[in-house]
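A.B. asks: Here you go, one structure.
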Amino acid sequence: MPKVYGPRQTILVTSRGEINLMGKKKEIDDIITLDWHMPTSFEPFLYAISIAKSRTSYQLIRQSRCFVVNFVPYDLKKEALFCGRHSGMHVDKFKDTGLRKVDAKHIECPVIEQSCGHLECHLEAEYETGDHVIFIGRVSNSEMRSEIKRLYHIGEDEFTTTR
């Protein structure tokens, strides 16, 4: 059973790519909820995310070689739970959550319009770490739109924010 390491900022990572669904190729935009992420370098600006190899977003990021880290406000906790519990292989998470997408400026990937800010990342490297892979992204564009209180995951269905 995973241990709880205290509140960790929750992000929504977006990706775009083709999946093979019942013998047919289909382009999708996906969202995955993550708590395991961090900056790893100022120069160049690199950012790391960790994704289970079984997730649709893992396949899309490996294929497209890019992703967007979306920092989300506390009021998107319901959407974050939904995106963490459903597979993008079978569900359109943008449609089902009401999250709006806009195109990133420097990569072929969606950005969540309701996010506080985002990082557009080109895949620089990946490292297998047991059942997860750490993707290192080189940030090609970053935007901060709001200083609103962000979403932090405590464990299970519990979230908090900064006080």
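Residue numbers start at 1 in each chain; chains themselves are named A, B, ... in the order of the structure tokens; ligands are numbered from 1 in the order shown.
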From chain A, collect each residue whose DSSP state is strand (DSSP E or B) and return the set as a PDB file with N, CA and C atoms, in the first residue's frame.

C.D. replies:
ATOM      1  N   ARG A   8       0.726  17.012  -1.514  1.00  0.00           N
ATOM      2  CA  ARG A   8       1.545  17.216  -2.719  1.00  0.00           C
ATOM      3  C   ARG A   8       0.687  17.944  -3.733  1.00  0.00           C
ATOM      4  N   GLN A   9       1.277  18.944  -4.386  1.00  0.00           N
ATOM      5  CA  GLN A   9       0.524  19.702  -5.373  1.00  0.00           C
ATOM      6  C   GLN A   9       0.073  18.785  -6.512  1.00  0.00           C
ATOM      7  N   ILE A  11      -1.302  18.225 -10.259  1.00  0.00           N
ATOM      8  CA  ILE A  11      -1.277  18.845 -11.586  1.00  0.00           C
ATOM      9  C   ILE A  11      -2.097  17.990 -12.532  1.00  0.00           C
ATOM     10  N   LEU A  12      -2.524  18.595 -13.616  1.00  0.00           N
ATOM     11  CA  LEU A  12      -3.162  17.866 -14.706  1.00  0.00           C
ATOM     12  C   LEU A  12      -2.233  17.982 -15.906  1.00  0.00           C
ATOM     13  N   VAL A  13      -1.776  16.841 -16.404  1.00  0.00           N
ATOM     14  CA  VAL A  13      -0.864  16.815 -17.540  1.00  0.00           C
ATOM     15  C   VAL A  13      -1.668  16.454 -18.779  1.00  0.00           C
ATOM     16  N   THR A  14      -1.513  17.272 -19.816  1.00  0.00           N
ATOM     17  CA  THR A  14      -2.237  17.032 -21.063  1.00  0.00           C
ATOM     18  C   THR A  14      -1.274  16.532 -22.131  1.00  0.00           C
ATOM     19  N   SER A  15      -1.827  15.696 -23.004  1.00  0.00           N
ATOM     20  CA  SER A  15      -1.039  15.131 -24.106  1.00  0.00           C
ATOM     21  C   SER A  15      -1.969  14.871 -25.280  1.00  0.00           C
ATOM     22  N   ARG A  16      -1.355  14.685 -26.449  1.00  0.00           N
ATOM     23  CA  ARG A  16      -2.113  14.437 -27.677  1.00  0.00           C
ATOM     24  C   ARG A  16      -1.372  13.384 -28.494  1.00  0.00           C
ATOM     25  N   GLY A  17      -2.119  12.473 -29.082  1.00  0.00           N
ATOM     26  CA  GLY A  17      -1.495  11.469 -29.928  1.00  0.00           C
ATOM     27  C   GLY A  17      -2.507  10.483 -30.443  1.00  0.00           C
ATOM     28  N   GLU A  18      -1.999   9.494 -31.166  1.00  0.00           N
ATOM     29  CA  GLU A  18      -2.858   8.456 -31.736  1.00  0.00           C
ATOM     30  C   GLU A  18      -2.878   7.226 -30.854  1.00  0.00           C
ATOM     31  N   ILE A  19      -4.056   6.647 -30.730  1.00  0.00           N
ATOM     32  CA  ILE A  19      -4.196   5.355 -30.068  1.00  0.00           C
ATOM     33  C   ILE A  19      -4.779   4.383 -31.071  1.00  0.00           C
ATOM     34  N   ASN A  20      -4.556   3.113 -30.808  1.00  0.00           N
ATOM     35  CA  ASN A  20      -5.139   2.066 -31.628  1.00  0.00           C
ATOM     36  C   ASN A  20      -6.277   1.471 -30.816  1.00  0.00           C
ATOM     37  N   LEU A  21      -7.494   1.732 -31.259  1.00  0.00           N
ATOM     38  CA  LEU A  21      -8.678   1.266 -30.547  1.00  0.00           C
ATOM     39  C   LEU A  21      -9.441   0.304 -31.430  1.00  0.00           C
ATOM     40  N   LYS A  24      -8.500   0.408 -35.092  1.00  0.00           N
ATOM     41  CA  LYS A  24      -8.605   1.700 -35.777  1.00  0.00           C
ATOM     42  C   LYS A  24      -7.765   2.733 -35.039  1.00  0.00           C
ATOM     43  N   LYS A  25      -7.051   3.549 -35.810  1.00  0.00           N
ATOM     44  CA  LYS A  25      -6.266   4.623 -35.222  1.00  0.00           C
ATOM     45  C   LYS A  25      -7.150   5.837 -34.989  1.00  0.00           C
ATOM     46  N   LYS A  26      -6.964   6.452 -33.829  1.00  0.00           N
ATOM     47  CA  LYS A  26      -7.783   7.595 -33.451  1.00  0.00           C
ATOM     48  C   LYS A  26      -6.908   8.594 -32.714  1.00  0.00           C
ATOM     49  N   GLU A  27      -6.966   9.882 -33.110  1.00  0.00           N
ATOM     50  CA  GLU A  27      -6.216  10.904 -32.386  1.00  0.00           C
ATOM     51  C   GLU A  27      -7.042  11.374 -31.198  1.00  0.00           C
ATOM     52  N   ILE A  28      -6.386  11.438 -30.029  1.00  0.00           N
ATOM     53  CA  ILE A  28      -7.090  11.890 -28.828  1.00  0.00           C
ATOM     54  C   ILE A  28      -6.247  12.922 -28.086  1.00  0.00           C
ATOM     55  N   ASP A  29      -6.944  13.722 -27.299  1.00  0.00           N
ATOM     56  CA  ASP A  29      -6.328  14.602 -26.313  1.00  0.00           C
ATOM     57  C   ASP A  29      -6.656  14.002 -24.958  1.00  0.00           C
ATOM     58  N   ASP A  30      -5.647  13.846 -24.111  1.00  0.00           N
ATOM     59  CA  ASP A  30      -5.851  13.187 -22.826  1.00  0.00           C
ATOM     60  C   ASP A  30      -5.398  14.084 -21.684  1.00  0.00           C
ATOM     61  N   ILE A  31      -5.919  13.779 -20.509  1.00  0.00           N
ATOM     62  CA  ILE A  31      -5.550  14.460 -19.269  1.00  0.00           C
ATOM     63  C   ILE A  31      -5.261  13.386 -18.228  1.00  0.00           C
ATOM     64  N   ILE A  32      -4.153  13.516 -17.521  1.00  0.00           N
ATOM     65  CA  ILE A  32      -3.841  12.628 -16.418  1.00  0.00           C
ATOM     66  C   ILE A  32      -3.577  13.461 -15.170  1.00  0.00           C
ATOM     67  N   THR A  33      -4.068  12.987 -14.041  1.00  0.00           N
ATOM     68  CA  THR A  33      -3.869  13.650 -12.762  1.00  0.00           C
ATOM     69  C   THR A  33      -2.596  13.086 -12.132  1.00  0.00           C
ATOM     70  N   LEU A  34      -1.682  13.983 -11.722  1.00  0.00           N
ATOM     71  CA  LEU A  34      -0.418  13.551 -11.132  1.00  0.00           C
ATOM     72  C   LEU A  34      -0.082  14.352  -9.880  1.00  0.00           C
ATOM     73  N   HIS A  37       5.830  15.105  -9.394  1.00  0.00           N
ATOM     74  CA  HIS A  37       6.404  16.025 -10.383  1.00  0.00           C
ATOM     75  C   HIS A  37       7.308  17.019  -9.679  1.00  0.00           C
ATOM     76  N   MET A  38       8.233  17.620 -10.462  1.00  0.00           N
ATOM     77  CA  MET A  38       9.127  18.632  -9.887  1.00  0.00           C
ATOM     78  C   MET A  38      10.007  19.267 -10.952  1.00  0.00           C
ATOM     79  N   PRO A  39      10.471  20.516 -10.678  1.00  0.00           N
ATOM     80  CA  PRO A  39      11.494  21.090 -11.551  1.00  0.00           C
ATOM     81  C   PRO A  39      12.812  20.372 -11.284  1.00  0.00           C
ATOM     82  N   THR A  40      13.639  20.246 -12.312  1.00  0.00           N
ATOM     83  CA  THR A  40      14.922  19.560 -12.119  1.00  0.00           C
ATOM     84  C   THR A  40      16.121  20.394 -12.548  1.00  0.00           C
ATOM     85  N   SER A  41      15.888  21.526 -13.240  1.00  0.00           N
ATOM     86  CA  SER A  41      16.997  22.366 -13.695  1.00  0.00           C
ATOM     87  C   SER A  41      16.474  23.751 -14.052  1.00  0.00           C
ATOM     88  N   LEU A  46      14.106  22.454 -16.997  1.00  0.00           N
ATOM     89  CA  LEU A  46      13.602  21.086 -17.152  1.00  0.00           C
ATOM     90  C   LEU A  46      12.599  20.785 -16.048  1.00  0.00           C
ATOM     91  N   TYR A  47      11.585  19.994 -16.384  1.00  0.00           N
ATOM     92  CA  TYR A  47      10.544  19.628 -15.430  1.00  0.00           C
ATOM     93  C   TYR A  47      10.270  18.135 -15.561  1.00  0.00           C
ATOM     94  N   ALA A  48      10.133  17.438 -14.426  1.00  0.00           N
ATOM     95  CA  ALA A  48       9.942  15.982 -14.414  1.00  0.00           C
ATOM     96  C   ALA A  48       8.536  15.613 -13.958  1.00  0.00           C
ATOM     97  N   ILE A  49       7.969  14.606 -14.618  1.00  0.00           N
ATOM     98  CA  ILE A  49       6.700  14.013 -14.206  1.00  0.00           C
ATOM     99  C   ILE A  49       6.883  12.499 -14.170  1.00  0.00           C
ATOM    100  N   SER A  50       6.132  11.833 -13.327  1.00  0.00           N
ATOM    101  CA  SER A  50       6.221  10.378 -13.213  1.00  0.00           C
ATOM    102  C   SER A  50       4.856   9.765 -13.512  1.00  0.00           C
ATOM    103  N   ILE A  51       4.840   8.824 -14.487  1.00  0.00           N
ATOM    104  CA  ILE A  51       3.582   8.219 -14.945  1.00  0.00           C
ATOM    105  C   ILE A  51       3.726   6.696 -14.988  1.00  0.00           C
ATOM    106  N   ALA A  52       2.681   6.003 -14.549  1.00  0.00           N
ATOM    107  CA  ALA A  52       2.657   4.544 -14.629  1.00  0.00           C
ATOM    108  C   ALA A  52       2.654   4.116 -16.096  1.00  0.00           C
ATOM    109  N   CYS A  66       5.972  15.165 -26.337  1.00  0.00           N
ATOM    110  CA  CYS A  66       5.687  16.440 -25.679  1.00  0.00           C
ATOM    111  C   CYS A  66       4.519  16.280 -24.702  1.00  0.00           C
ATOM    112  N   PHE A  67       4.386  17.243 -23.783  1.00  0.00           N
ATOM    113  CA  PHE A  67       3.295  17.264 -22.814  1.00  0.00           C
ATOM    114  C   PHE A  67       3.197  18.655 -22.210  1.00  0.00           C
ATOM    115  N   VAL A  68       2.058  18.936 -21.581  1.00  0.00           N
ATOM    116  CA  VAL A  68       1.851  20.204 -20.879  1.00  0.00           C
ATOM    117  C   VAL A  68       1.542  19.908 -19.419  1.00  0.00           C
ATOM    118  N   VAL A  69       2.259  20.587 -18.527  1.00  0.00           N
ATOM    119  CA  VAL A  69       1.980  20.548 -17.096  1.00  0.00           C
ATOM    120  C   VAL A  69       1.034  21.709 -16.808  1.00  0.00           C
ATOM    121  N   ASN A  70      -0.191  21.391 -16.361  1.00  0.00           N
ATOM    122  CA  ASN A  70      -1.188  22.402 -16.028  1.00  0.00           C
ATOM    123  C   ASN A  70      -1.314  22.487 -14.515  1.00  0.00           C
ATOM    124  N   PHE A  71      -1.046  23.660 -13.949  1.00  0.00           N
ATOM    125  CA  PHE A  71      -1.212  23.895 -12.513  1.00  0.00           C
ATOM    126  C   PHE A  71      -2.663  24.301 -12.298  1.00  0.00           C
ATOM    127  N   PRO A  73      -6.293  25.176  -9.981  1.00  0.00           N
ATOM    128  CA  PRO A  73      -6.828  25.744  -8.751  1.00  0.00           C
ATOM    129  C   PRO A  73      -7.578  24.699  -7.939  1.00  0.00           C
ATOM    130  N   LYS A 101     -10.144  23.245 -23.641  1.00  0.00           N
ATOM    131  CA  LYS A 101      -8.774  23.171 -24.147  1.00  0.00           C
ATOM    132  C   LYS A 101      -8.502  24.270 -25.153  1.00  0.00           C
ATOM    133  N   VAL A 102      -7.269  24.738 -25.095  1.00  0.00           N
ATOM    134  CA  VAL A 102      -6.749  25.661 -26.090  1.00  0.00           C
ATOM    135  C   VAL A 102      -5.419  25.075 -26.535  1.00  0.00           C
ATOM    136  N   ASP A 103      -4.986  25.420 -27.733  1.00  0.00           N
ATOM    137  CA  ASP A 103      -3.732  24.876 -28.233  1.00  0.00           C
ATOM    138  C   ASP A 103      -2.539  25.549 -27.564  1.00  0.00           C
ATOM    139  N   PRO A 110      -2.769  20.131 -26.134  1.00  0.00           N
ATOM    140  CA  PRO A 110      -3.732  21.057 -25.537  1.00  0.00           C
ATOM    141  C   PRO A 110      -3.262  21.586 -24.178  1.00  0.00           C
ATOM    142  N   VAL A 111      -3.756  22.765 -23.851  1.00  0.00           N
ATOM    143  CA  VAL A 111      -3.579  23.392 -22.536  1.00  0.00           C
ATOM    144  C   VAL A 111      -4.973  23.495 -21.926  1.00  0.00           C
ATOM    145  N   ILE A 112      -5.089  23.315 -20.631  1.00  0.00           N
ATOM    146  CA  ILE A 112      -6.376  23.476 -19.953  1.00  0.00           C
ATOM    147  C   ILE A 112      -6.589  24.958 -19.679  1.00  0.00           C
ATOM    148  N   GLY A 117      -1.801  28.255 -14.590  1.00  0.00           N
ATOM    149  CA  GLY A 117      -0.635  28.448 -15.430  1.00  0.00           C
ATOM    150  C   GLY A 117      -0.217  27.108 -15.983  1.00  0.00           C
ATOM    151  N   HIS A 118       0.768  27.131 -16.879  1.00  0.00           N
ATOM    152  CA  HIS A 118       1.189  25.862 -17.481  1.00  0.00           C
ATOM    153  C   HIS A 118       2.622  25.934 -17.976  1.00  0.00           C
ATOM    154  N   LEU A 119       3.189  24.747 -18.216  1.00  0.00           N
ATOM    155  CA  LEU A 119       4.519  24.578 -18.795  1.00  0.00           C
ATOM    156  C   LEU A 119       4.376  23.710 -20.037  1.00  0.00           C
ATOM    157  N   GLU A 120       4.845  24.201 -21.173  1.00  0.00           N
ATOM    158  CA  GLU A 120       4.848  23.408 -22.405  1.00  0.00           C
ATOM    159  C   GLU A 120       6.202  22.726 -22.495  1.00  0.00           C
ATOM    160  N   CYS A 121       6.205  21.395 -22.596  1.00  0.00           N
ATOM    161  CA  CYS A 121       7.448  20.623 -22.487  1.00  0.00           C
ATOM    162  C   CYS A 121       7.691  19.723 -23.699  1.00  0.00           C
ATOM    163  N   HIS A 122       8.913  19.767 -24.213  1.00  0.00           N
ATOM    164  CA  HIS A 122       9.391  18.809 -25.211  1.00  0.00           C
ATOM    165  C   HIS A 122      10.089  17.697 -24.437  1.00  0.00           C
ATOM    166  N   LEU A 123       9.794  16.447 -24.763  1.00  0.00           N
ATOM    167  CA  LEU A 123      10.396  15.326 -24.055  1.00  0.00           C
ATOM    168  C   LEU A 123      11.904  15.294 -24.297  1.00  0.00           C
ATOM    169  N   GLU A 124      12.657  15.401 -23.229  1.00  0.00           N
ATOM    170  CA  GLU A 124      14.112  15.436 -23.283  1.00  0.00           C
ATOM    171  C   GLU A 124      14.714  14.063 -22.966  1.00  0.00           C
ATOM    172  N   ALA A 125      14.108  13.370 -21.983  1.00  0.00           N
ATOM    173  CA  ALA A 125      14.632  12.068 -21.560  1.00  0.00           C
ATOM    174  C   ALA A 125      13.548  11.324 -20.791  1.00  0.00           C
ATOM    175  N   GLU A 126      13.752  10.020 -20.643  1.00  0.00           N
ATOM    176  CA  GLU A 126      12.844   9.222 -19.818  1.00  0.00           C
ATOM    177  C   GLU A 126      13.645   8.162 -19.083  1.00  0.00           C
ATOM    178  N   TYR A 127      13.211   7.879 -17.857  1.00  0.00           N
ATOM    179  CA  TYR A 127      13.901   6.924 -16.998  1.00  0.00           C
ATOM    180  C   TYR A 127      12.885   5.978 -16.379  1.00  0.00           C
ATOM    181  N   GLU A 128      13.094   4.691 -16.586  1.00  0.00           N
ATOM    182  CA  GLU A 128      12.211   3.692 -16.006  1.00  0.00           C
ATOM    183  C   GLU A 128      12.542   3.557 -14.525  1.00  0.00           C
ATOM    184  N   THR A 129      11.507   3.601 -13.686  1.00  0.00           N
ATOM    185  CA  THR A 129      11.681   3.496 -12.237  1.00  0.00           C
ATOM    186  C   THR A 129      10.644   2.520 -11.695  1.00  0.00           C
ATOM    187  N   HIS A 132       6.756   2.843 -12.924  1.00  0.00           N
ATOM    188  CA  HIS A 132       6.555   4.189 -13.468  1.00  0.00           C
ATOM    189  C   HIS A 132       7.736   4.570 -14.361  1.00  0.00           C
ATOM    190  N   VAL A 133       7.515   5.601 -15.165  1.00  0.00           N
ATOM    191  CA  VAL A 133       8.574   6.199 -15.971  1.00  0.00           C
ATOM    192  C   VAL A 133       8.608   7.687 -15.638  1.00  0.00           C
ATOM    193  N   ILE A 134       9.812   8.187 -15.402  1.00  0.00           N
ATOM    194  CA  ILE A 134       9.986   9.622 -15.192  1.00  0.00           C
ATOM    195  C   ILE A 134      10.285  10.240 -16.547  1.00  0.00           C
ATOM    196  N   PHE A 135       9.419  11.160 -16.961  1.00  0.00           N
ATOM    197  CA  PHE A 135       9.620  11.918 -18.189  1.00  0.00           C
ATOM    198  C   PHE A 135      10.221  13.265 -17.814  1.00  0.00           C
ATOM    199  N   ILE A 136      11.326  13.620 -18.452  1.00  0.00           N
ATOM    200  CA  ILE A 136      11.952  14.928 -18.253  1.00  0.00           C
ATOM    201  C   ILE A 136      11.607  15.781 -19.460  1.00  0.00           C
ATOM    202  N   GLY A 137      10.953  16.907 -19.212  1.00  0.00           N
ATOM    203  CA  GLY A 137      10.572  17.801 -20.297  1.00  0.00           C
ATOM    204  C   GLY A 137      11.372  19.089 -20.273  1.00  0.00           C
ATOM    205  N   ARG A 138      11.814  19.519 -21.461  1.00  0.00           N
ATOM    206  CA  ARG A 138      12.463  20.826 -21.599  1.00  0.00           C
ATOM    207  C   ARG A 138      11.345  21.836 -21.836  1.00  0.00           C
ATOM    208  N   VAL A 139      11.244  22.803 -20.941  1.00  0.00           N
ATOM    209  CA  VAL A 139      10.164  23.776 -21.012  1.00  0.00           C
ATOM    210  C   VAL A 139      10.449  24.780 -22.132  1.00  0.00           C
ATOM    211  N   SER A 140       9.545  24.838 -23.103  1.00  0.00           N
ATOM    212  CA  SER A 140       9.706  25.771 -24.222  1.00  0.00           C
ATOM    213  C   SER A 140       8.839  27.013 -24.050  1.00  0.00           C
ATOM    214  N   ASN A 141       7.849  26.922 -23.183  1.00  0.00           N
ATOM    215  CA  ASN A 141       6.996  28.072 -22.893  1.00  0.00           C
ATOM    216  C   ASN A 141       6.361  27.870 -21.535  1.00  0.00           C
ATOM    217  N   SER A 142       6.311  28.928 -20.741  1.00  0.00           N
ATOM    218  CA  SER A 142       5.612  28.870 -19.458  1.00  0.00           C
ATOM    219  C   SER A 142       4.759  30.114 -19.313  1.00  0.00           C
ATOM    220  N   GLU A 143       3.581  29.923 -18.777  1.00  0.00           N
ATOM    221  CA  GLU A 143       2.665  31.034 -18.551  1.00  0.00           C
ATOM    222  C   GLU A 143       2.010  30.880 -17.190  1.00  0.00           C
ATOM    223  N   MET A 144       1.953  31.977 -16.439  1.00  0.00           N
ATOM    224  CA  MET A 144       1.234  32.012 -15.169  1.00  0.00           C
ATOM    225  C   MET A 144       0.110  33.022 -15.349  1.00  0.00           C
ATOM    226  N   ARG A 150      -3.861  26.801  -5.135  1.00  0.00           N
ATOM    227  CA  ARG A 150      -3.751  25.574  -5.933  1.00  0.00           C
ATOM    228  C   ARG A 150      -4.218  24.347  -5.169  1.00  0.00           C
ATOM    229  N   TYR A 152      -3.911  20.628  -3.658  1.00  0.00           N
ATOM    230  CA  TYR A 152      -2.933  19.725  -3.057  1.00  0.00           C
ATOM    231  C   TYR A 152      -3.643  18.451  -2.614  1.00  0.00           C
ATOM    232  N   HIS A 153      -3.055  17.316  -2.955  1.00  0.00           N
ATOM    233  CA  HIS A 153      -3.630  16.012  -2.638  1.00  0.00           C
ATOM    234  C   HIS A 153      -3.081  15.509  -1.313  1.00  0.00           C
ATOM    235  N   ILE A 154      -3.969  15.120  -0.420  1.00  0.00           N
ATOM    236  CA  ILE A 154      -3.568  14.555   0.879  1.00  0.00           C
ATOM    237  C   ILE A 154      -3.516  13.033   0.783  1.00  0.00           C
ATOM    238  N   GLY A 155      -4.500  12.446   0.133  1.00  0.00           N
ATOM    239  CA  GLY A 155      -4.600  11.001  -0.017  1.00  0.00           C
ATOM    240  C   GLY A 155      -6.043  10.617  -0.315  1.00  0.00           C
ATOM    241  N   GLU A 158      -9.119  13.031  -0.545  1.00  0.00           N
ATOM    242  CA  GLU A 158      -8.929  14.252   0.259  1.00  0.00           C
ATOM    243  C   GLU A 158      -7.942  15.215  -0.390  1.00  0.00           C
ATOM    244  N   PHE A 159      -8.357  16.476  -0.437  1.00  0.00           N
ATOM    245  CA  PHE A 159      -7.531  17.535  -0.969  1.00  0.00           C
ATOM    246  C   PHE A 159      -7.507  18.711   0.011  1.00  0.00           C
ATOM    247  N   THR A 160      -6.543  19.565  -0.158  1.00  0.00           N
ATOM    248  CA  THR A 160      -6.441  20.788   0.620  1.00  0.00           C
ATOM    249  C   THR A 160      -5.875  21.852  -0.296  1.00  0.00           C
TER     250      THR A 160
END

A.B. asks: Would you work out the distance separating CA of Thr56 in chain A from CA of Asp131 in chain A, expressed in Å to one decimal?

C.D. replies: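 So the two atoms, CA of Thr56 in chain A and CA of Asp131 in chain A, lie 14.1 Å apart.
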
A.B. asks: Return as a PDB file with C-alpha atoms, in the first residue's frame the full set of residues in range 15-91 of chain A whose backbone-based DSSP assignment is helix (DSSP H, G or I).

C.D. replies:
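Final file, result.pdb:
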ATOM      1  CA  THR A  56      -2.818   6.073 -21.831  1.00  0.00           C
ATOM      2  CA  SER A  57      -0.878   9.309 -21.261  1.00  0.00           C
ATOM      3  CA  TYR A  58       2.334   7.292 -21.019  1.00  0.00           C
ATOM      4  CA  GLN A  59       1.741   5.991 -24.562  1.00  0.00           C
ATOM      5  CA  LEU A  60       0.794   9.418 -25.932  1.00  0.00           C
ATOM      6  CA  ILE A  61       3.820  11.213 -24.456  1.00  0.00           C
ATOM      7  CA  ARG A  62       6.242   8.565 -25.718  1.00  0.00           C
ATOM      8  CA  GLN A  63       4.685   8.861 -29.169  1.00  0.00           C
ATOM      9  CA  SER A  64       4.308  12.658 -29.433  1.00  0.00           C
ATOM     10  CA  TYR A  74      -8.431  24.118  -5.728  1.00  0.00           C
ATOM     11  CA  ASP A  75     -11.904  24.381  -7.258  1.00  0.00           C
ATOM     12  CA  LEU A  76     -10.959  21.778  -9.913  1.00  0.00           C
ATOM     13  CA  LYS A  77     -10.675  18.926  -7.391  1.00  0.00           C
ATOM     14  CA  LYS A  78     -13.740  17.105  -8.794  1.00  0.00           C
ATOM     15  CA  GLU A  79     -12.263  17.245 -12.310  1.00  0.00           C
ATOM     16  CA  ALA A  80      -8.862  16.082 -11.015  1.00  0.00           C
ATOM     17  CA  LEU A  81     -10.470  13.049  -9.363  1.00  0.00           C
ATOM     18  CA  PHE A  82     -12.345  12.199 -12.567  1.00  0.00           C
ATOM     19  CA  CYS A  83      -9.210  12.445 -14.723  1.00  0.00           C
ATOM     20  CA  GLY A  84      -7.312  10.237 -12.292  1.00  0.00           C
ATOM     21  CA  ARG A  85      -9.957   7.539 -12.263  1.00  0.00           C
TER      22      ARG A  85
END

A.B. asks: CA of Ile148 in chain A and CA of Val91 in chain A, how far apart in Å?

C.D. replies: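 These atoms are spaced 28.8 Å apart.
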
A.B. asks: Please report the interatomic distance between CA of Glu156 in chain A and CA of Gly6 in chain A in Å with one decimal.

C.D. replies: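 Separation of CA of Glu156 in chain A and CA of Gly6 in chain A: 12.0 Å.
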
A.B. asks: Find the residues near Arg100 in chain A: any atom within 8 Å, counting only C-alpha atoms, skip ones fewer than 3 places away on the same chain, and give them as a PyMOL selection string.

C.D. replies: chain A and resi 94+112-114
